[in-house]
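Have a look at work.txt; it's compact mmCIF, C-alpha atoms:
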```txt
# COMPACT_ATOMS: atom_id res chain seq x y z
CA MET A 128 0.00 0.00 0.00
CA THR A 129 1.32 3.41 -0.92
CA SER A 130 1.78 6.04 1.72
CA THR A 131 0.00 8.83 -0.15
CA THR A 132 -3.15 9.04 -2.16
CA GLU A 133 -3.81 11.76 -4.72
CA PRO A 134 -7.44 12.90 -4.61
CA THR A 135 -9.44 12.24 -7.72
CA GLU A 136 -11.10 15.06 -9.62
CA PRO A 137 -14.50 15.78 -8.03
CA LEU A 138 -17.54 14.81 -10.03
CA SER A 139 -19.29 17.68 -11.77
CA VAL A 140 -22.83 18.71 -10.91
CA GLY A 141 -23.99 17.15 -14.17
CA GLN A 142 -22.29 13.87 -13.36
CA LEU A 143 -23.74 13.79 -9.85
CA SER A 144 -27.26 14.45 -11.08
CA ALA A 145 -26.96 11.51 -13.48
CA THR A 146 -26.02 9.03 -10.74
CA THR A 147 -28.24 7.33 -8.22
CA LEU A 148 -27.87 7.54 -4.46
CA LEU A 149 -27.32 4.48 -2.25
CA ARG A 150 -27.53 4.69 1.51
CA PHE A 151 -25.82 1.80 3.25
CA ALA A 152 -24.73 0.83 6.74
CA THR A 153 -22.02 -1.45 8.06
CA ALA A 154 -22.56 -3.74 11.04
CA GLY A 155 -20.78 -6.60 12.72
CA SER A 156 -19.29 -7.78 15.98
CA VAL A 157 -16.46 -6.03 17.79
CA ASP A 158 -13.12 -6.35 15.95
CA ASP A 159 -14.70 -7.84 12.83
CA GLY A 160 -13.12 -4.98 10.88
CA LYS A 161 -16.03 -2.67 10.01
CA SER A 162 -14.10 0.58 10.28
CA THR A 163 -11.13 -0.94 8.47
CA LEU A 164 -13.43 -2.02 5.63
CA VAL A 165 -14.88 1.49 5.39
CA GLY A 166 -11.40 3.01 5.44
CA ARG A 167 -10.19 0.59 2.78
CA LEU A 168 -13.25 1.32 0.66
CA LEU A 169 -12.62 5.07 0.83
CA HIS A 170 -8.84 4.70 0.35
CA ASP A 171 -8.86 2.33 -2.61
CA SER A 172 -11.68 4.16 -4.39
CA LYS A 173 -9.64 7.37 -3.99
CA SER A 174 -12.43 9.03 -2.06
CA ILE A 175 -10.25 10.63 0.62
CA LEU A 176 -8.14 13.76 0.36
CA THR A 177 -4.40 13.84 0.87
CA ASP A 178 -4.60 15.86 4.09
CA GLN A 179 -7.11 13.37 5.54
CA LEU A 180 -4.75 10.49 4.82
CA GLU A 181 -1.79 12.42 6.23
CA ALA A 182 -3.72 12.97 9.46
CA VAL A 183 -4.42 9.22 9.69
CA GLU A 184 -0.77 8.40 8.98
CA HIS A 185 0.34 10.83 11.70
CA ALA A 186 -2.08 9.36 14.24
CA SER A 187 -0.99 5.83 13.30
CA ARG A 188 2.71 6.67 13.77
CA ASN A 189 1.92 8.13 17.19
CA ARG A 190 0.41 4.77 18.12
CA GLY A 191 3.53 2.93 16.94
CA GLN A 192 2.06 1.55 13.72
CA ASP A 193 4.15 1.31 10.58
CA THR A 194 1.22 1.54 8.17
CA PRO A 195 -1.85 3.80 8.26
CA ASP A 196 -4.72 2.48 10.36
CA LEU A 197 -7.58 3.06 7.92
CA ALA A 198 -10.14 2.52 10.68
CA LEU A 199 -9.25 5.99 11.95
CA LEU A 200 -10.96 7.48 8.90
CA THR A 201 -14.31 6.76 10.56
CA ASP A 202 -13.51 6.30 14.26
CA GLY A 203 -13.38 9.99 15.03
CA LEU A 204 -14.21 10.10 18.74
CA ARG A 205 -11.26 10.16 21.12
CA ALA A 206 -12.64 7.19 23.07
CA GLU A 207 -12.99 5.24 19.82
CA ARG A 208 -9.37 5.84 18.88
CA GLU A 209 -8.12 4.97 22.36
CA GLN A 210 -10.12 1.75 22.68
CA GLY A 211 -9.98 0.73 19.01
CA ILE A 212 -13.78 0.35 18.84
CA THR A 213 -16.70 2.15 17.23
CA ILE A 214 -19.06 3.81 19.72
CA ASP A 215 -21.25 6.13 17.70
CA VAL A 216 -22.52 6.11 14.12
CA ALA A 217 -20.03 7.72 11.72
CA TYR A 218 -21.40 9.00 8.42
CA ARG A 219 -19.29 9.38 5.30
CA TYR A 220 -20.28 10.79 1.93
CA PHE A 221 -18.48 9.78 -1.26
CA ALA A 222 -19.14 9.22 -4.92
CA THR A 223 -17.85 7.27 -7.88
CA ALA A 224 -18.64 7.77 -11.55
CA ARG A 225 -21.50 5.31 -11.21
CA ARG A 226 -23.20 6.21 -7.93
CA ARG A 227 -23.29 8.49 -4.89
CA PHE A 228 -23.11 6.99 -1.41
CA ILE A 229 -24.08 7.87 2.14
CA LEU A 230 -22.34 5.40 4.44
CA ALA A 231 -23.14 4.79 8.11
CA ASP A 232 -20.46 2.93 10.09
CA THR A 233 -22.32 1.54 13.12
CA PRO A 234 -21.00 0.07 16.40
CA GLY A 235 -20.75 -3.65 17.05
CA HIS A 236 -21.22 -3.77 20.84
CA VAL A 237 -24.49 -5.14 22.22
CA GLN A 238 -24.99 -1.98 24.29
CA TYR A 239 -24.92 0.13 21.13
CA THR A 240 -27.77 -1.71 19.37
CA ARG A 241 -29.70 1.58 19.34
CA ASN A 242 -26.87 3.17 17.34
CA MET A 243 -27.13 0.46 14.71
CA VAL A 244 -30.88 1.03 14.51
CA THR A 245 -30.20 4.72 13.92
CA GLY A 246 -27.67 4.05 11.16
CA ALA A 247 -29.66 1.34 9.40
CA SER A 248 -33.11 2.96 9.66
CA THR A 249 -32.68 4.81 6.35
CA ALA A 250 -30.31 2.31 4.68
CA ASP A 251 -31.06 0.66 1.36
CA LEU A 252 -28.36 -1.92 2.04
CA ALA A 253 -26.58 -3.31 5.10
CA VAL A 254 -23.08 -4.79 5.05
CA VAL A 255 -22.78 -7.34 7.87
CA LEU A 256 -19.18 -8.34 8.59
CA VAL A 257 -18.13 -11.70 9.95
CA ASP A 258 -14.65 -12.71 11.09
CA ALA A 259 -13.78 -15.77 9.00
CA ARG A 260 -12.05 -17.31 12.02
CA ASN A 261 -15.17 -17.07 14.22
CA GLY A 262 -18.00 -17.58 11.77
CA VAL A 263 -21.60 -16.60 12.51
CA ILE A 264 -21.85 -15.65 16.18
CA GLU A 265 -24.57 -14.28 18.45
CA GLN A 266 -23.93 -10.67 17.51
CA THR A 267 -24.07 -11.55 13.81
CA ARG A 268 -27.57 -12.91 14.34
CA ARG A 269 -28.54 -9.76 16.24
CA HIS A 270 -27.48 -7.55 13.36
CA ALA A 271 -29.27 -9.73 10.82
CA ALA A 272 -32.40 -9.52 12.97
CA VAL A 273 -32.19 -5.72 13.21
CA ALA A 274 -31.74 -5.46 9.43
CA ALA A 275 -34.83 -7.64 8.97
CA LEU A 276 -36.86 -5.61 11.48
CA LEU A 277 -35.91 -2.39 9.69
CA ARG A 278 -36.87 -3.91 6.32
CA VAL A 279 -33.46 -3.24 4.76
CA PRO A 280 -33.95 -4.52 1.20
CA HIS A 281 -30.39 -5.73 0.54
CA VAL A 282 -27.89 -7.38 2.88
CA VAL A 283 -24.24 -8.09 2.04
CA LEU A 284 -22.41 -10.71 4.10
CA ALA A 285 -18.75 -9.68 4.05
CA VAL A 286 -16.67 -12.59 5.34
CA ASN A 287 -13.61 -10.66 6.49
CA LYS A 288 -10.05 -11.67 7.41
CA MET A 289 -9.94 -14.40 4.79
CA ASP A 290 -6.14 -13.95 4.79
CA LEU A 291 -6.07 -15.37 8.32
CA VAL A 292 -7.73 -18.62 7.22
CA GLY A 293 -5.55 -19.16 4.16
CA TYR A 294 -8.22 -17.87 1.76
CA GLU A 295 -9.98 -21.24 2.07
CA GLU A 296 -13.13 -21.52 -0.03
CA ALA A 297 -14.67 -24.10 2.32
CA VAL A 298 -14.52 -21.67 5.26
CA PHE A 299 -16.31 -18.98 3.27
CA ALA A 300 -18.91 -21.39 1.88
CA SER A 301 -19.81 -22.72 5.33
CA ILE A 302 -20.29 -19.24 6.82
CA ALA A 303 -22.26 -18.01 3.81
CA GLU A 304 -24.60 -21.00 3.93
CA GLU A 305 -25.29 -20.63 7.67
CA PHE A 306 -25.90 -16.87 7.53
CA THR A 307 -28.06 -17.04 4.39
CA ALA A 308 -30.31 -19.69 5.94
CA TYR A 309 -30.76 -17.61 9.11
CA ALA A 310 -31.37 -14.28 7.32
CA THR A 311 -33.79 -15.85 4.85
CA GLU A 312 -35.81 -17.26 7.73
CA LEU A 313 -36.07 -13.70 9.11
CA GLY A 314 -37.44 -12.48 5.80
CA VAL A 315 -34.41 -10.64 4.40
CA PRO A 316 -35.25 -10.47 0.66
CA GLU A 317 -31.73 -10.47 -0.82
CA ILE A 318 -28.39 -11.67 0.57
CA THR A 319 -25.04 -11.45 -1.22
CA ALA A 320 -21.94 -13.08 0.29
CA ILE A 321 -18.46 -11.75 -0.54
CA PRO A 322 -15.13 -13.07 0.83
CA ILE A 323 -12.78 -10.19 1.68
CA SER A 324 -9.71 -9.04 3.57
CA ALA A 325 -10.27 -5.40 4.54
CA LEU A 326 -6.71 -5.07 5.84
CA ALA A 327 -5.11 -6.41 2.65
CA GLY A 328 -7.72 -5.01 0.28
CA ASP A 329 -8.90 -8.33 -1.18
CA ASN A 330 -12.26 -8.00 -2.97
CA VAL A 331 -13.02 -4.60 -1.44
CA VAL A 332 -12.40 -2.41 -4.48
CA GLU A 333 -10.10 -4.62 -6.54
CA PRO A 334 -10.58 -8.38 -7.17
CA SER A 335 -8.40 -10.63 -5.03
CA ALA A 336 -5.49 -12.49 -6.57
CA HIS A 337 -5.69 -15.01 -3.71
CA MET A 338 -9.29 -16.21 -4.24
CA ASP A 339 -9.57 -17.26 -7.87
CA TRP A 340 -12.36 -19.62 -6.80
CA TYR A 341 -14.63 -16.60 -6.21
CA GLY A 342 -16.23 -15.17 -9.34
CA GLY A 343 -18.63 -12.64 -7.84
CA PRO A 344 -18.38 -8.85 -7.49
CA THR A 345 -16.13 -6.88 -5.17
CA VAL A 346 -17.81 -4.92 -2.40
CA LEU A 347 -17.62 -1.64 -4.32
CA GLU A 348 -18.79 -3.24 -7.56
CA HIS A 349 -21.84 -4.63 -5.79
CA LEU A 350 -22.56 -1.28 -4.12
CA GLU A 351 -22.35 0.43 -7.50
CA THR A 352 -24.64 -2.01 -9.31
CA VAL A 353 -27.20 -3.25 -6.76
CA PRO A 354 -30.68 -2.19 -7.94
CA VAL A 355 -32.06 0.71 -5.96
CA SER A 356 -35.33 -1.12 -5.57
CA HIS A 357 -36.53 1.18 -2.79
CA ASP A 358 -37.84 3.59 -5.45
CA LEU A 359 -40.53 5.36 -3.45
CA ALA A 360 -41.90 7.09 -6.54
CA HIS A 361 -44.11 4.02 -7.03
CA CYS A 362 -45.26 3.77 -3.38
CA HIS A 363 -48.38 5.26 -1.80
CA ALA A 364 -48.12 9.01 -2.42
CA ARG A 365 -47.70 10.99 0.79
CA LEU A 366 -46.89 14.69 1.41
CA PRO A 367 -46.54 15.81 5.05
CA VAL A 368 -47.27 19.55 5.18
CA GLN A 369 -44.37 21.38 6.76
CA TYR A 370 -45.27 25.01 6.17
CA VAL A 371 -48.15 27.12 4.86
CA ILE A 372 -46.96 29.80 2.42
CA ARG A 373 -49.15 32.90 2.32
CA PRO A 374 -47.08 35.90 1.12
CA GLN A 375 -50.06 38.34 0.80
CA THR A 376 -48.04 40.68 -1.39
CA ALA A 377 -49.16 42.86 -4.27
CA GLU A 378 -47.63 40.35 -6.66
CA HIS A 379 -49.26 37.35 -4.94
CA PRO A 380 -52.33 38.68 -3.11
CA ASP A 381 -54.25 35.38 -3.02
CA TYR A 382 -51.40 32.84 -3.07
CA ARG A 383 -51.80 30.02 -0.55
CA GLY A 384 -49.47 27.05 -0.89
CA TYR A 385 -48.65 24.04 1.25
CA ALA A 386 -44.94 23.23 1.35
CA GLY A 387 -43.16 20.04 2.28
CA GLN A 388 -40.95 17.19 1.07
CA ILE A 389 -42.77 14.39 -0.69
CA ALA A 390 -42.25 11.33 1.51
CA ALA A 391 -43.36 8.80 -1.09
CA GLY A 392 -45.07 8.49 -4.44
CA THR A 393 -45.94 11.03 -7.13
CA PHE A 394 -48.38 13.94 -7.15
CA ARG A 395 -49.88 15.47 -10.32
CA VAL A 396 -51.82 18.62 -11.12
CA GLY A 397 -55.53 17.83 -11.41
CA GLU A 398 -55.34 14.89 -9.02
CA SER A 399 -57.95 14.50 -6.31
CA VAL A 400 -56.35 14.58 -2.86
CA THR A 401 -57.54 14.18 0.72
CA VAL A 402 -56.24 16.14 3.68
CA LEU A 403 -55.69 13.96 6.74
CA PRO A 404 -56.66 13.62 9.50
CA SER A 405 -59.61 15.95 8.70
CA GLY A 406 -60.68 13.91 5.65
CA ARG A 407 -61.49 16.95 3.50
CA THR A 408 -61.14 16.37 -0.24
CA THR A 409 -60.03 18.77 -2.96
CA THR A 410 -57.98 18.89 -6.18
CA ILE A 411 -54.37 19.90 -6.83
CA SER A 412 -54.53 23.09 -8.89
CA GLY A 413 -50.78 23.63 -9.13
CA ILE A 414 -47.36 22.41 -8.01
CA ASP A 415 -44.39 24.75 -7.61
CA LEU A 416 -40.87 23.28 -7.64
CA LEU A 417 -37.89 25.61 -7.12
CA GLY A 418 -40.16 28.57 -7.84
CA LYS A 419 -41.45 27.20 -11.15
CA PRO A 420 -44.74 25.44 -11.92
CA VAL A 421 -44.55 21.74 -12.84
CA ASP A 422 -47.14 19.18 -13.82
CA ALA A 423 -45.88 16.46 -11.47
CA ALA A 424 -43.48 15.94 -8.56
CA TRP A 425 -42.20 12.83 -6.82
CA THR A 426 -40.39 11.38 -3.85
CA THR A 427 -37.81 13.51 -1.97
CA GLN A 428 -38.62 16.64 -3.98
CA SER A 429 -39.50 19.66 -1.85
CA VAL A 430 -42.54 21.32 -3.37
CA THR A 431 -45.37 23.75 -2.76
CA VAL A 432 -48.81 22.39 -3.59
CA LEU A 433 -51.75 24.66 -4.45
CA LEU A 434 -55.28 23.40 -3.89
CA ALA A 435 -58.47 24.23 -5.77
CA ASP A 436 -60.54 24.87 -2.65
CA ASP A 437 -59.97 27.05 0.42
CA ILE A 438 -59.89 24.40 3.12
CA ASP A 439 -58.10 24.37 6.45
CA VAL A 440 -54.68 22.81 5.99
CA SER A 441 -51.95 23.24 8.62
CA ARG A 442 -48.47 22.02 9.47
CA GLY A 443 -48.67 18.37 10.42
CA ASP A 444 -51.47 17.51 8.00
CA LEU A 445 -50.90 14.85 5.36
CA LEU A 446 -51.87 15.18 1.69
CA VAL A 447 -52.68 11.85 0.03
CA PRO A 448 -54.44 10.71 -3.16
CA SER A 449 -58.15 10.35 -2.40
CA LYS A 450 -58.16 6.86 -3.92
CA ASP A 451 -55.20 5.72 -1.80
CA ALA A 452 -55.69 7.20 1.65
CA PRO A 453 -54.36 5.38 4.72
CA PRO A 454 -56.67 4.78 7.67
CA THR A 455 -56.56 7.15 10.62
CA THR A 456 -56.35 5.74 14.11
CA GLN A 457 -55.72 6.66 17.73
CA ASP A 458 -54.46 3.17 18.56
CA VAL A 459 -51.00 2.47 17.19
CA GLU A 460 -49.34 -0.93 17.51
CA ALA A 461 -45.68 -1.05 16.61
CA THR A 462 -42.27 -2.61 17.01
CA VAL A 463 -39.94 -0.16 18.75
CA CYS A 464 -36.31 0.20 19.72
CA HIS A 465 -35.84 2.11 22.95
CA VAL A 466 -32.91 4.51 22.63
CA ALA A 467 -33.02 6.55 25.85
CA ASP A 468 -31.37 5.71 29.16
CA GLU A 469 -34.66 6.33 30.96
CA PRO A 470 -36.92 3.24 30.68
CA LEU A 471 -40.18 3.28 28.71
CA THR A 472 -42.98 2.00 30.94
CA VAL A 473 -46.67 1.19 30.68
CA GLY A 474 -48.56 4.40 31.39
CA HIS A 475 -45.68 6.56 30.18
CA ARG A 476 -46.99 9.87 28.78
CA VAL A 477 -45.08 10.89 25.67
CA LEU A 478 -45.20 12.94 22.50
CA LEU A 479 -45.47 10.94 19.28
CA LYS A 480 -43.91 12.54 16.19
CA HIS A 481 -45.06 11.13 12.87
CA GLY A 482 -43.88 13.00 9.79
CA THR A 483 -44.43 16.68 10.56
CA ARG A 484 -47.19 16.04 13.11
CA THR A 485 -46.59 15.77 16.87
CA VAL A 486 -49.39 14.62 19.20
CA LYS A 487 -49.74 13.67 22.85
CA ALA A 488 -49.84 9.95 23.53
CA ILE A 489 -49.69 7.36 26.29
CA VAL A 490 -48.14 3.89 26.33
CA LYS A 491 -51.06 1.53 26.94
CA ASP A 492 -49.20 -1.76 26.92
CA ILE A 493 -45.86 -3.40 26.22
CA PRO A 494 -46.98 -6.88 25.10
CA SER A 495 -43.49 -8.29 24.63
CA ARG A 496 -39.76 -7.70 24.52
CA LEU A 497 -37.74 -9.35 21.77
CA THR A 498 -34.64 -11.32 22.74
CA LEU A 499 -32.38 -10.90 19.72
CA ASP A 500 -30.13 -13.78 20.78
CA ASP A 501 -32.71 -16.39 19.81
CA LEU A 502 -35.66 -14.24 18.63
CA SER A 503 -37.77 -15.40 21.57
CA LEU A 504 -40.42 -13.14 23.11
CA HIS A 505 -40.53 -12.17 26.78
CA PRO A 506 -44.22 -11.44 27.44
CA HIS A 507 -45.38 -8.31 29.27
CA PRO A 508 -42.00 -7.05 30.52
CA GLY A 509 -43.65 -3.90 31.87
CA ARG A 510 -40.89 -1.71 30.52
CA LEU A 511 -38.18 -1.37 27.91
CA VAL A 512 -34.68 -0.17 28.75
CA ALA A 513 -31.97 1.25 26.49
CA ASN A 514 -31.32 -0.93 23.40
CA ASP A 515 -34.41 -3.09 24.01
CA ILE A 516 -36.61 -3.98 21.06
CA GLY A 517 -40.23 -4.79 21.77
CA ARG A 518 -43.88 -4.44 20.87
CA VAL A 519 -45.94 -1.53 22.19
CA LYS A 520 -49.54 -0.31 22.08
CA ILE A 521 -49.95 3.45 22.07
CA ARG A 522 -53.10 5.60 22.37
CA THR A 523 -52.80 9.04 20.77
CA ALA A 524 -54.77 12.14 21.71
CA GLU A 525 -55.64 12.79 18.04
CA PRO A 526 -56.18 10.51 15.06
CA LEU A 527 -53.07 9.81 12.98
CA PRO A 528 -52.87 8.62 9.36
CA VAL A 529 -50.22 5.92 9.55
CA ASP A 530 -49.01 3.38 7.03
CA SER A 531 -47.58 0.00 7.90
CA TYR A 532 -43.78 0.12 8.08
CA ALA A 533 -43.74 -2.89 5.77
CA ASP A 534 -45.46 -0.75 3.11
CA SER A 535 -43.55 2.48 3.66
CA ARG A 536 -40.44 2.98 5.76
CA ARG A 537 -40.98 6.76 5.61
CA THR A 538 -44.62 7.10 6.66
CA GLY A 539 -44.70 3.94 8.77
CA ALA A 540 -42.06 5.25 11.18
CA PHE A 541 -42.34 7.51 14.22
CA ILE A 542 -40.47 8.54 17.34
CA LEU A 543 -41.57 8.96 20.94
CA ILE A 544 -40.37 12.11 22.70
CA ASP A 545 -40.14 13.05 26.38
CA PRO A 546 -42.54 16.02 26.75
CA ALA A 547 -40.51 17.38 29.65
CA ASP A 548 -37.19 17.98 27.88
CA GLY A 549 -37.63 16.95 24.23
CA THR A 550 -35.37 13.87 24.50
CA THR A 551 -35.96 11.17 21.91
CA LEU A 552 -37.07 8.07 23.79
CA THR A 553 -37.99 5.45 21.23
CA ALA A 554 -37.94 4.77 17.49
CA GLY A 555 -41.02 2.96 16.22
CA MET A 556 -42.15 0.94 13.20
CA VAL A 557 -45.91 0.64 12.72
CA GLY A 558 -47.47 -2.76 12.22
CA GLU A 559 -46.23 -6.30 12.48
CA SER A 560 -42.61 -7.40 12.55
CA PHE A 561 -41.14 -10.78 11.67
CA ALA A 562 -41.47 -11.70 15.36
CA ALA A 563 -44.86 -10.16 16.07
CA PRO A 564 -46.44 -11.69 19.19
CA GLN A 565 -49.99 -12.94 19.37
CA PRO A 566 -52.43 -10.16 20.33
CA VAL A 567 -52.72 -9.83 24.09
CA LYS A 568 -56.08 -8.78 25.52
CA ASP A 569 -55.67 -5.96 28.01
CA GLU A 570 -58.70 -5.89 30.31
CA SER A 571 -57.95 -2.28 31.25
CA ASP A 572 -57.97 -1.00 27.66
CA ASP A 573 -60.98 1.19 28.30
CA ASP A 574 -60.31 2.10 31.91
CA GLY A 575 -58.65 5.27 33.10
CA TRP A 576 -57.85 6.84 29.76
CA ASP A 577 -58.53 10.52 29.37
CA PHE A 578 -58.40 10.59 25.56
```

When written as structure tokens, how does the structure in this file appear?
Amino acid sequence: MTSTTEPTEPLSVGQLSATTLLRFATAGSVDDGKSTLVGRLLHDSKSILTDQLEAVEHASRNRGQDTPDLALLTDGLRAEREQGITIDVAYRYFATARRRFILADTPGHVQYTRNMVTGASTADLAVVLVDARNGVIEQTRRHAAVAALLRVPHVVLAVNKMDLVGYEEAVFASIAEEFTAYATELGVPEITAIPISALAGDNVVEPSAHMDWYGGPTVLEHLETVPVSHDLAHCHARLPVQYVIRPQTAEHPDYRGYAGQIAAGTFRVGESVTVLPSGRTTTISGIDLLGKPVDAAWTTQSVTVLLADDIDVSRGDLLVPSKDAPPTTQDVEATVCHVADEPLTVGHRVLLKHGTRTVKAIVKDIPSRLTLDDLSLHPHPGRLVANDIGRVKIRTAEPLPVDSYADSRRTGAFILIDPADGTTLTAGMVGESFAAPQPVKDESDDDGWDF
């Protein structure tokens, strides 16, 4: 490995607009080599600047290492560098001629499960690393389970440290078979296994000269070519209203527009839409995008929608096609990951934020807690502590239009907030999970609730 890397020419705006975006997360047990893989990926794809590499080389020399420790490219916290572990999610942005990437390097420790949930919640692909010497272990199963719960469409099994097992095909094949069987049982739709050595660079960016028995893609090649099948333009159309635009100027005396980022689907001028939760129906009379009128707009575009009728629409409302409106409910059942140090308990009063709408809510029941070791369910634990994943029943003070998380990862997700200080308590996914418990009848469902 050379000691310096010349930065490549940055992609032009035109080139970037012509490429697709892939969000992916790395996961794996402690010391499986996640940060080293990320560093190798950035280094060999020439996605780091010279001064960044020089800083890593300097830090590595100070630690008595002869070669740059590429893990330092993502392990930025002082505690991470001192302990040689990843504690918090590290995001990196890079691009090749074929695709743009947002990468989340997540921790491997059990106590940082909530960090992995954060990093993988918006991922289109998860890279799960396994040490070839250890094979599939308990933490590997945890990360596969979290990826399945979060409905990550693509999972890559990167069998790392193949150099330490003599690049043996049989070792790789055994691990790939075991992991694929487990992940498939969880409902992961696509699994790709790749044998690599992050430290030596085998099959990360360049094909390995030591594993001629492997004929599949390198990690980067797979990342560049995997279909971005999460195309939300074809999902249920949803536009959470973020802001009402009413300039009341001489130029625009009667202008009233409803601005927000389209969460899913496509909206068109002339389309009949319903405003939720009120249920009022009207027609789209215009769509403004970057100050110019357009006939249609789709997912992730920030737009201003004009309606044919003067109806009451406010921040937090949801615009949906009248023929494809989700149900509204005050009773939300979901799988959640508790991320706060303070426990979540039955009877806990919280704020529930869904899209741009925030409502008061109360935790009615915690039917079960999921044990990720063996996917067993602990019934009625009474509370969830930090990093716990479980099922909850929540009653909201106002009706909410929610989709199932299985149908839409954008409009099927929510967070619970502490009303006292605004701390995020829990991340939730509406509807059933792969380990959904049987419904539990709560005799006190209708007793003592004030909304």

Original post:
Near Val244 of chain A, counting all atoms listed in the file, which residues have an atom at most 10 Å away, once you skip same-chain residues fewer than 3 positions from it, shown as a list in words?
Top reply: Ala152, Val216, Thr233, Tyr239, Thr240, Arg241, Ala247, Ser248, Thr249, Ala250, His270, Val273, Ala274, Leu276, Leu277, Cys464, His465, Val466, Asn514 and Ala554 of chain A

Write the selection just made, keeping C-alpha atoms, as a CSV table (one decimal), keeping the file's coordinate frame?
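Saved as result27.csv:
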```csv
chain,number,residue,atom,x,y,z
A,152,ALA,CA,-24.7,0.8,6.7
A,216,VAL,CA,-22.5,6.1,14.1
A,233,THR,CA,-22.3,1.5,13.1
A,239,TYR,CA,-24.9,0.1,21.1
A,240,THR,CA,-27.8,-1.7,19.4
A,241,ARG,CA,-29.7,1.6,19.3
A,247,ALA,CA,-29.7,1.3,9.4
A,248,SER,CA,-33.1,3.0,9.7
A,249,THR,CA,-32.7,4.8,6.4
A,250,ALA,CA,-30.3,2.3,4.7
A,270,HIS,CA,-27.5,-7.6,13.4
A,273,VAL,CA,-32.2,-5.7,13.2
A,274,ALA,CA,-31.7,-5.5,9.4
A,276,LEU,CA,-36.9,-5.6,11.5
A,277,LEU,CA,-35.9,-2.4,9.7
A,464,CYS,CA,-36.3,0.2,19.7
A,465,HIS,CA,-35.8,2.1,23.0
A,466,VAL,CA,-32.9,4.5,22.6
A,514,ASN,CA,-31.3,-0.9,23.4
A,554,ALA,CA,-37.9,4.8,17.5
```

Original post:
Mind pulling up the distance from atom CA of Lys491 of chain A to atom CA of Gly474 of chain A?
Top reply: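 Interatomic distance here is 5.9 Å.
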
Original post:
Excluding same-chain residues fewer than 5 positions from Pro322 of chain A, what lies within 8 Å of it counting all atoms listed in the file, as number ranges by chain?
Top reply: A: 285-287, 289, 299, 330, 341

Subject >> Point-to-point distance in Å for atom CA of Leu478 of chain A and atom CA of Val430 of chain A >> reply: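 Taking atom CA of Val430 of chain A and atom CA of Leu478 of chain A, their separation equals 27.3 Å.
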
Subject >> Who sits within 12 Å of Ala391 of chain A, only C-alpha atoms, same chain under 6 positions skipped, as an NGL selection string >> reply: :A and (357-367 or 424-429 or 445-448 or 482 or 530 or 534-539)

**OP:** Pick out the closest residue to Leu499 of chain A from this set: A:Glu305, A:Asp444, A:Asp422, A:Asp515. Count all atoms listed in the file.
**Re:** A:Asp515

Original post:
atom CA of Phe221 of chain A and atom CA of Ala310 of chain A are how many Å apart?
Top reply: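 Separation of atom CA of Phe221 of chain A and atom CA of Ala310 of chain A: 28.6 Å.
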
Original post:
Which polymer residues have any atom within 10 Å of an atom of Ala275 of chain A, counting all atoms listed in the file, with same-chain residues fewer than 2 positions away left out, as JSON, numbers by chain?
Top reply: {"A": [269, 270, 271, 272, 273, 277, 278, 279, 280, 281, 282, 310, 311, 312, 313, 314, 315, 316, 560, 561]}

Counting all atoms listed in the file, select every polymer residue within 10 Å of (-56.8, 23.9, 4.2) as defined in the file's coordinates, and provide the selection as a PDB file with C-alpha atoms, in the frame of the given file.
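Saved result, out.pdb, follows:
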```pdb
ATOM      1  CA  VAL A 371     -48.150  27.120   4.860  1.00  0.00           C
ATOM      2  CA  ARG A 383     -51.800  30.020  -0.550  1.00  0.00           C
ATOM      3  CA  GLY A 384     -49.470  27.050  -0.890  1.00  0.00           C
ATOM      4  CA  TYR A 385     -48.650  24.040   1.250  1.00  0.00           C
ATOM      5  CA  VAL A 402     -56.240  16.140   3.680  1.00  0.00           C
ATOM      6  CA  SER A 405     -59.610  15.950   8.700  1.00  0.00           C
ATOM      7  CA  ARG A 407     -61.490  16.950   3.500  1.00  0.00           C
ATOM      8  CA  THR A 408     -61.140  16.370  -0.240  1.00  0.00           C
ATOM      9  CA  THR A 409     -60.030  18.770  -2.960  1.00  0.00           C
ATOM     10  CA  LEU A 434     -55.280  23.400  -3.890  1.00  0.00           C
ATOM     11  CA  ASP A 436     -60.540  24.870  -2.650  1.00  0.00           C
ATOM     12  CA  ASP A 437     -59.970  27.050   0.420  1.00  0.00           C
ATOM     13  CA  ILE A 438     -59.890  24.400   3.120  1.00  0.00           C
ATOM     14  CA  ASP A 439     -58.100  24.370   6.450  1.00  0.00           C
ATOM     15  CA  VAL A 440     -54.680  22.810   5.990  1.00  0.00           C
ATOM     16  CA  SER A 441     -51.950  23.240   8.620  1.00  0.00           C
ATOM     17  CA  ASP A 444     -51.470  17.510   8.000  1.00  0.00           C
TER      18      ASP A 444
END
```

Subject >> Nearest to Val529 of chain A, chosen from A:Ala452, A:Ala300, A:Leu497, A:Val432, with all atoms listed in the file counted in the distances >> reply: A:Ala452

**OP:** Find the spatial neighbours of Phe541 of chain A, counting all atoms listed in the file, within a cut-off of 7 Å - ignore same-chain residues fewer than 5 positions away - and output them as number ranges by chain.
**Re:** A: 479-481, 554-556

Subject >> Best match for closeness to Ser324 of chain A among A:Asp290, A:Glu295, A:Glu378, A:Glu265, counting all atoms listed in the file >> reply: A:Asp290

**OP:** Would you please work out which residue, of A:Asn242, A:Ser335, A:Thr319, A:Ser503, is nearest to His349 of chain A when using all atoms listed in the file?
**Re:** A:Thr319
